[in-house]
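> This is the structure I want to talk about, given as structure tokens.
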Amino acid sequence: MACCFKTLAGVVFVVLLLQAPVLWATDADPLQDFCVADLDGEVTVNGYPCKPASSAGDEFLFSSRLTKAGDVTANPNGSNVTELDVAEWPGVNTLGVSMNRVDFAVGGTNPPHIHPRATEVGMVLRGELLLGIIGSLDSGNRYYSKVVRAGETFVIPRGLMHFQYNVGKEEATMVVSFNSQNPGIVFVPLTLFGSNPPIPTPVLVKALRVDAGVVELLKSKFTGGY
């Protein structure tokens, strides 16, 4: 028994020793004040490599991108999303934060979508927005909704489908923050009917329980994107 125990202990020690370089190659805490993203860097990592501190300057700490309203007539949804993720604001690289501004025409909507990599917290700056959140199958696909007005806030858990719809009599604006430098977005209608290459029509016929003609009609609405 003692022999077997010693052998097992030796095997465990060797395995841990072999893993040690991997374990020591990472750190849960930041190792520098800032890591300004080198968007043109050739190194492939889960994110972006850092620019040399000597060439980063100090403008990376600030952005005026969200001060200007987006064009709410630019797409059929009647809304416009101004993104401020790491691609637009390299200073947030490795910090796990980003923001968006969304402007709405009267009757405009930010259609059902998902952020696969982030929880969202937001505030309505002006107007009135119907906010809808659809729970997972575990919740019975429960639909949560409320009209959120200027100054009021909301939270959307990571990965849950949600939308905003301007129910007011004037244009509306909201600003949201994410706990990811690159939260990602999956627009549900565009994903289903405008994917590249297209999802086979028979799959959608079965999934949506409609005729093929309906599926083809919906696909034709998204050939140019959302």
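Please note that chains go A, B, ... in the order of the structure tokens, that every chain numbers its residues from 1, and that ligands are numbered from 1 in the order shown.
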Leaving out range 174-184 of chain A and any residue of its chain fewer than 4 positions from it, which residues lie within 7 Å of it when counting only C-alpha atoms, given as a list in words?
Asp85, Val86, Val92, Asn93, Leu95, Gly96, Val97, Ser98, Met99, Asn100, Arg101, Val102, Asp103, His115, Pro116, Arg117, Ala118, Thr119, Glu120, Val121, Gly122, Met123, Val124 and Leu125 of chain A
> Could the residues in this selection be written to a file with N, CA, C and O atoms, as a compact mmCIF listing (two decimals), in the first residue's frame?

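What follows is the written file result_27.txt:
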```txt
# COMPACT_ATOMS: atom_id res chain seq x y z
N ASP A 85 -16.32 50.03 -28.17
CA ASP A 85 -15.60 48.87 -27.65
C ASP A 85 -14.11 49.04 -27.93
O ASP A 85 -13.66 50.11 -28.33
N VAL A 86 -13.35 47.99 -27.74
CA VAL A 86 -11.89 48.12 -27.84
C VAL A 86 -11.44 48.53 -29.24
O VAL A 86 -10.43 49.21 -29.39
N VAL A 92 -9.38 50.71 -23.57
CA VAL A 92 -10.08 49.78 -22.68
C VAL A 92 -9.56 48.35 -22.80
O VAL A 92 -10.05 47.45 -22.13
N ASN A 93 -8.56 48.16 -23.64
CA ASN A 93 -7.98 46.82 -23.81
C ASN A 93 -7.57 46.24 -22.45
O ASN A 93 -6.91 46.91 -21.65
N LEU A 95 -9.24 45.83 -19.85
CA LEU A 95 -9.92 46.37 -18.68
C LEU A 95 -11.31 45.77 -18.46
O LEU A 95 -11.92 45.97 -17.42
N GLY A 96 -11.84 45.09 -19.47
CA GLY A 96 -13.13 44.42 -19.31
C GLY A 96 -14.32 45.36 -19.25
O GLY A 96 -15.32 45.06 -18.59
N VAL A 97 -14.23 46.50 -19.96
CA VAL A 97 -15.35 47.44 -20.00
C VAL A 97 -15.50 48.01 -21.41
O VAL A 97 -14.54 48.07 -22.18
N SER A 98 -16.72 48.43 -21.75
CA SER A 98 -16.98 49.14 -23.00
C SER A 98 -18.36 49.78 -22.89
O SER A 98 -19.09 49.54 -21.91
N MET A 99 -18.71 50.60 -23.88
CA MET A 99 -19.99 51.32 -23.85
C MET A 99 -20.59 51.39 -25.24
O MET A 99 -19.89 51.23 -26.24
N ASN A 100 -21.89 51.65 -25.28
CA ASN A 100 -22.61 51.95 -26.52
C ASN A 100 -23.55 53.11 -26.27
O ASN A 100 -24.03 53.30 -25.15
N ARG A 101 -23.80 53.85 -27.32
CA ARG A 101 -24.91 54.82 -27.33
C ARG A 101 -25.90 54.34 -28.38
O ARG A 101 -25.50 53.94 -29.48
N VAL A 102 -27.19 54.39 -28.05
CA VAL A 102 -28.22 53.98 -29.02
C VAL A 102 -29.24 55.11 -29.12
O VAL A 102 -29.80 55.54 -28.11
N ASP A 103 -29.47 55.59 -30.35
CA ASP A 103 -30.46 56.63 -30.61
C ASP A 103 -31.64 56.02 -31.37
O ASP A 103 -31.45 55.13 -32.23
N HIS A 115 -25.99 39.68 -26.35
CA HIS A 115 -24.57 39.96 -26.17
C HIS A 115 -23.94 38.71 -25.55
O HIS A 115 -24.12 38.44 -24.36
N PRO A 116 -23.23 37.92 -26.35
CA PRO A 116 -22.75 36.62 -25.85
C PRO A 116 -21.64 36.70 -24.81
O PRO A 116 -21.39 35.72 -24.12
N ARG A 117 -20.99 37.86 -24.70
CA ARG A 117 -19.82 37.93 -23.82
C ARG A 117 -19.95 38.95 -22.70
O ARG A 117 -18.95 39.26 -22.05
N ALA A 118 -21.15 39.48 -22.44
CA ALA A 118 -21.21 40.54 -21.44
C ALA A 118 -22.60 40.73 -20.84
O ALA A 118 -23.62 40.54 -21.52
N THR A 119 -22.62 41.15 -19.58
CA THR A 119 -23.81 41.70 -18.95
C THR A 119 -23.88 43.19 -19.31
O THR A 119 -22.86 43.84 -19.49
N GLU A 120 -25.09 43.71 -19.40
CA GLU A 120 -25.30 45.09 -19.84
C GLU A 120 -26.03 45.89 -18.76
O GLU A 120 -27.00 45.41 -18.18
N VAL A 121 -25.54 47.08 -18.49
CA VAL A 121 -26.21 48.02 -17.59
C VAL A 121 -26.41 49.31 -18.37
O VAL A 121 -25.49 49.79 -19.04
N GLY A 122 -27.62 49.88 -18.31
CA GLY A 122 -27.88 51.05 -19.12
C GLY A 122 -28.74 52.09 -18.43
O GLY A 122 -29.36 51.83 -17.40
N MET A 123 -28.77 53.28 -19.04
CA MET A 123 -29.60 54.38 -18.56
C MET A 123 -30.23 55.08 -19.76
O MET A 123 -29.56 55.33 -20.77
N VAL A 124 -31.50 55.37 -19.65
CA VAL A 124 -32.19 56.15 -20.67
C VAL A 124 -31.88 57.63 -20.42
O VAL A 124 -32.11 58.14 -19.32
N LEU A 125 -31.38 58.32 -21.43
CA LEU A 125 -31.05 59.73 -21.30
C LEU A 125 -32.21 60.64 -21.66
O LEU A 125 -32.36 61.73 -21.08
```
> Find the residues near Glu128 in chain A: any atom within 7 Å, counting only C-alpha atoms, skip ones fewer than 6 places away on the same chain, and give them as a PDB file with C-alpha atoms, in the first residue's frame.

```
ATOM      1  CA  VAL A 147     -41.259  51.225 -20.054  1.00  0.00           C
ATOM      2  CA  VAL A 148     -38.009  52.887 -18.949  1.00  0.00           C
ATOM      3  CA  ARG A 149     -37.911  56.693 -18.886  1.00  0.00           C
ATOM      4  CA  ALA A 150     -35.196  59.339 -18.796  1.00  0.00           C
ATOM      5  CA  ASN A 166     -39.322  53.729 -28.587  1.00  0.00           C
ATOM      6  CA  VAL A 167     -42.894  54.085 -27.352  1.00  0.00           C
ATOM      7  CA  GLY A 168     -42.654  57.842 -26.740  1.00  0.00           C
ATOM      8  CA  ALA A 172     -35.003  58.640 -27.483  1.00  0.00           C
TER       9      ALA A 172
END
```
> I'd like the interatomic distance between CA of Leu61 in chain A and CA of Gly91 in chain A, to a tenth of an Å.
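Value for the CA of Leu61 in chain A-CA of Gly91 in chain A distance: 5.9 Å.
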> How would you write, as a VMD selection string, the set of residues in range 22-73 of chain A that DSSP gives as strand (DSSP E or B)?
chain A and resid 37 45 47 50
> With C-alpha atoms retained, write the just-selected residues as a PDB file, in the first residue's frame.

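Output saved as again00.pdb:
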```pdb
ATOM      1  CA  ALA A  37      -4.557  47.938 -27.783  1.00  0.00           C
ATOM      2  CA  VAL A  45      -4.052  36.564 -28.496  1.00  0.00           C
ATOM      3  CA  GLY A  47      -7.787  40.296 -27.287  1.00  0.00           C
ATOM      4  CA  CYS A  50      -0.215  46.178 -25.855  1.00  0.00           C
TER       5      CYS A  50
END
```
> So the first atom is CA of Asn80 in chain A and the second is CA of Asp58 in chain A; what is the distance between them in Å, to one decimal place?
29.1 Å
> Which neighbours of Pro202 in chain A fall inside 12 Å, counting only C-alpha atoms, when residues of the same chain fewer than 4 positions from it are skipped, and could you give them as a short mmCIF file (atom, residue, chain, number, x, y, z; two decimals) with N, CA and C atoms, in the first residue's frame?

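Written out: out_37.cif:
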```cif
data_model
loop_
_atom_site.label_atom_id
_atom_site.label_comp_id
_atom_site.auth_asym_id
_atom_site.auth_seq_id
_atom_site.Cartn_x
_atom_site.Cartn_y
_atom_site.Cartn_z
N PRO A 198 -26.41 31.15 -46.16
CA PRO A 198 -27.74 31.09 -45.55
C PRO A 198 -28.00 29.77 -44.84
N LYS A 206 -38.90 23.92 -40.46
CA LYS A 206 -39.18 23.05 -39.32
C LYS A 206 -39.14 23.82 -38.01
N ALA A 207 -38.12 24.66 -37.86
CA ALA A 207 -37.93 25.37 -36.59
C ALA A 207 -39.04 26.39 -36.34
N LEU A 208 -39.47 27.09 -37.40
CA LEU A 208 -40.46 28.16 -37.23
C LEU A 208 -41.88 27.71 -37.52
N ARG A 209 -42.01 26.50 -38.10
CA ARG A 209 -43.34 25.92 -38.36
C ARG A 209 -44.16 26.80 -39.30
N VAL A 210 -43.49 27.22 -40.37
CA VAL A 210 -44.14 28.02 -41.41
C VAL A 210 -43.82 27.42 -42.77
N ASP A 211 -44.45 27.94 -43.81
CA ASP A 211 -44.18 27.46 -45.16
C ASP A 211 -42.85 28.00 -45.68
N ALA A 212 -42.30 27.31 -46.67
CA ALA A 212 -41.02 27.72 -47.26
C ALA A 212 -41.12 29.11 -47.86
N GLY A 213 -42.29 29.46 -48.41
CA GLY A 213 -42.45 30.78 -49.00
C GLY A 213 -42.27 31.90 -47.98
N VAL A 214 -42.72 31.66 -46.76
CA VAL A 214 -42.56 32.66 -45.69
C VAL A 214 -41.09 32.83 -45.36
N VAL A 215 -40.37 31.72 -45.27
CA VAL A 215 -38.94 31.77 -44.96
C VAL A 215 -38.19 32.52 -46.06
N GLU A 216 -38.50 32.23 -47.31
CA GLU A 216 -37.81 32.89 -48.42
C GLU A 216 -38.12 34.39 -48.43
#
```
> How would you write, as a list in words, the set of residues in range 72-225 of chain A that DSSP gives as alpha helix (DSSP H)?
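Those in range 72-225 of chain A that DSSP calls alpha helix (DSSP H) are Val188, Pro189, Leu190, Thr191, Leu192, Phe193, Thr201, Pro202, Val203, Leu204, Val205, Lys206, Ala207, Leu208, Ala212, Gly213, Val214, Val215, Glu216, Leu217, Leu218, Lys219, Ser220 and Lys221 of chain A.
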> Put those residues in a file: C-alpha atoms, as a CSV table (one decimal), in the first residue's frame.

```csv
chain,number,residue,atom,x,y,z
A,188,VAL,CA,-31.7,37.4,-33.9
A,189,PRO,CA,-33.6,38.3,-37.2
A,190,LEU,CA,-30.4,38.9,-39.1
A,191,THR,CA,-28.8,35.8,-37.7
A,192,LEU,CA,-31.7,33.6,-38.8
A,193,PHE,CA,-32.5,35.1,-42.2
A,201,THR,CA,-34.7,26.8,-45.7
A,202,PRO,CA,-36.0,23.4,-44.6
A,203,VAL,CA,-34.3,23.9,-41.3
A,204,LEU,CA,-36.1,27.2,-40.7
A,205,VAL,CA,-39.4,25.7,-42.0
A,206,LYS,CA,-39.2,23.0,-39.3
A,207,ALA,CA,-37.9,25.4,-36.6
A,208,LEU,CA,-40.5,28.2,-37.2
A,212,ALA,CA,-41.0,27.7,-47.3
A,213,GLY,CA,-42.4,30.8,-49.0
A,214,VAL,CA,-42.6,32.7,-45.7
A,215,VAL,CA,-38.9,31.8,-45.0
A,216,GLU,CA,-37.8,32.9,-48.4
A,217,LEU,CA,-39.7,36.2,-48.0
A,218,LEU,CA,-38.0,36.8,-44.7
A,219,LYS,CA,-34.6,36.0,-46.1
A,220,SER,CA,-35.2,38.5,-48.9
A,221,LYS,CA,-35.7,41.2,-46.3
```
